[in-house]
Amino acid sequence: MIRKTSIIERLASCPDTYRLDDDFFVIDITADDFPKIPVINHMYQCSVCMTGTCKSRVNLKTVVSSPGSIGITLPGQLVEILSVSEDYKAILISISPEFMGSMGFPYNLNISNVLAANPIVMPSDKENDAIRLFCEMVRRILARRRPHIREILQHLTSAMIYSMADSIVAKIPPALSREENIAQQYINIVSQNYHHKRKVIDYATDMHLTLGYLSSVVKNVTGKSAAEWIEEYVLMEAKALLASTDMTIQQICYQLNFPTQSFFGKYFKTHTGVSPKAYRNSSNED
């Protein structure tokens, strides 16, 4: 299972941390507070960039946070920090799925797909001011430990999410070309099926396209081959599971649908240069 305790400890160890149990955190973060290994996110996280830049990959999509931007990651996403400037500072809001579920959002408030495809949002100045005010209000509430604090945070957070939802949806990029749509569809399907589908021909069949056409489109649009996208998803999750879970290597092998632990070990070492065990040991040292 995911080492939730260690992740919570990382959040709690940051300076100026305000928290409600293990469900809600507001933290000032700097470049020193980022994990140095790929991780599987298990909370809703919103980072409001104040200064500096942070380059990361969210489900293999490379994104850059800059001053004024908001980075949003969802539970289950694979996150890898690529680089962070020394002057980076941000406010991080981290909310558990249980707390988010307790707010009872209607089924038609569906912005998860938009956020999954667009992890970085550029709010207006007024929206940015509102988010910073929200963070300050939450800090004050958590510092005073008022009665009914959970209910207050639920209503306050719900109001903020409703106020931002339309703005987030409005920032969906313009319509893509046919080839861009095909490449994006392919990447989305791979992200959901790479555990048990490793051959590009299977995805081409599912998409009713020829292998040659799909391969050509993906390479032209993304700069990576169709097979490389599958490999990168497999390796990213393998690294995250090795670094941030208590699963045995055998369990990880089965989770990723490799026939044997030996086959998984050879596959991992071929693509990374180290064995799964060596990678896990080096990650624990970090």
# chains A, B, ... in the order shown; residues from 1 in each chain; ligands from 1
>>> residues_around(residues="Ile187 of chain A", least_positions_apart="4", cutoff="8 Å", atoms="only C-alpha atoms", output="PDB file with N, CA and C atoms, in the first residue's frame")
ATOM      1  N   ALA A 183      -3.699  11.655 -31.074  1.00  0.00           N
ATOM      2  CA  ALA A 183      -2.563  11.460 -30.167  1.00  0.00           C
ATOM      3  C   ALA A 183      -3.002  11.587 -28.720  1.00  0.00           C
ATOM      4  N   SER A 191      -2.888   5.565 -20.619  1.00  0.00           N
ATOM      5  CA  SER A 191      -2.796   5.865 -19.181  1.00  0.00           C
ATOM      6  C   SER A 191      -3.755   5.020 -18.354  1.00  0.00           C
ATOM      7  N   TRP A 229       5.521   5.726 -25.147  1.00  0.00           N
ATOM      8  CA  TRP A 229       4.512   6.188 -24.192  1.00  0.00           C
ATOM      9  C   TRP A 229       4.100   5.056 -23.249  1.00  0.00           C
TER      10      TRP A 229
END
>>> residues_around(residues="Arg144 of chain A", least_positions_apart="6", cutoff="12 Å", atoms="only C-alpha atoms", output="list in words")
Tyr18, Arg19, Leu20, Met137 and Val138 of chain A
>>> write_last_selection(atoms="C-alpha atoms", output="PDB file, in the first residue's frame")
ATOM      1  CA  TYR A  18      -1.619  24.347   9.360  1.00  0.00           C
ATOM      2  CA  ARG A  19      -3.605  21.123   9.400  1.00  0.00           C
ATOM      3  CA  LEU A  20      -6.844  19.405  10.298  1.00  0.00           C
ATOM      4  CA  MET A 137      -8.785  32.407   6.227  1.00  0.00           C
ATOM      5  CA  VAL A 138      -8.083  28.675   6.517  1.00  0.00           C
TER       6      VAL A 138
END
>>> select_by_dssp(residues="segment 18-241 of chain A", states="helix (DSSP H, G or I)", output="VMD selection string")
chain A and resid 31 to 33 97 to 101 112 to 117 125 to 144 149 to 170 178 to 193 200 to 206 211 to 222 226 to 241
>>> closest_residue(among="A:Val121, A:His195, A:Ala226, A:Gln250", to="Ile182 of chain A", atoms="only C-alpha atoms")
A:Ala226
>>> closest_residue(among="A:Val274, A:Met50, A:Leu92, A:Val79", to="Phe25 of chain A", atoms="only C-alpha atoms")
A:Leu92
>>> residues_around(residues="Phe263 of chain A", least_positions_apart="4", cutoff="12 Å", atoms="only C-alpha atoms", output="JSON, numbers by chain")
{"A": [249, 250, 253, 254, 256, 257, 258, 259, 267, 268, 269, 270, 275, 276]}
>>> write_last_selection(atoms="C-alpha atoms", output="CSV table (one decimal), in the first residue's frame")
chain,number,residue,atom,x,y,z
A,249,ILE,CA,8.8,-6.4,-5.7
A,250,GLN,CA,6.8,-9.5,-6.4
A,253,CYS,CA,5.5,-7.3,-10.6
A,254,TYR,CA,1.9,-8.6,-10.4
A,256,LEU,CA,2.1,-4.2,-13.4
A,257,ASN,CA,1.1,-7.5,-15.0
A,258,PHE,CA,4.6,-8.9,-15.7
A,259,PRO,CA,4.7,-12.7,-16.0
A,267,TYR,CA,12.7,-5.0,-18.0
A,268,PHE,CA,13.3,-2.5,-15.3
A,269,LYS,CA,17.1,-2.7,-15.5
A,270,THR,CA,17.2,-2.6,-19.3
A,275,SER,CA,17.6,-3.4,-10.6
A,276,PRO,CA,14.3,-2.7,-8.8
>>> residues_around(residues="Ala240 of chain A", least_positions_apart="6", cutoff="6 Å", atoms="only C-alpha atoms", output="list of chain:residue names")
A:Pro38, A:Val39, A:Ile40
>>> select_by_dssp(residues="segment 30-256 of chain A", states="strand (DSSP E or B)", output="PyMOL selection string")
chain A and resi 30+39-40+44-51+54-58+61-65+70-73+78-84+89-95+120-121+245
>>> residues_around(residues="Ile230 of chain A", least_positions_apart="6", cutoff="7 Å", atoms="only C-alpha atoms", output="PyMOL selection string")
chain A and resi 190+194+198
>>> closest_residue(among="A:Ile161, A:Met100, A:Val84, A:Leu78", to="Ser244 of chain A", atoms="only C-alpha atoms")
A:Leu78
>>> atom_distance(atom1="atom CA of Lys219 of chain A", atom2="atom CA of Pro119 of chain A")
22.8 Å
>>> closest_residue(among="A:Asn128, A:Thr62, A:Thr260, A:Ser94", to="Ile29 of chain A", atoms="only C-alpha atoms")
A:Ser94
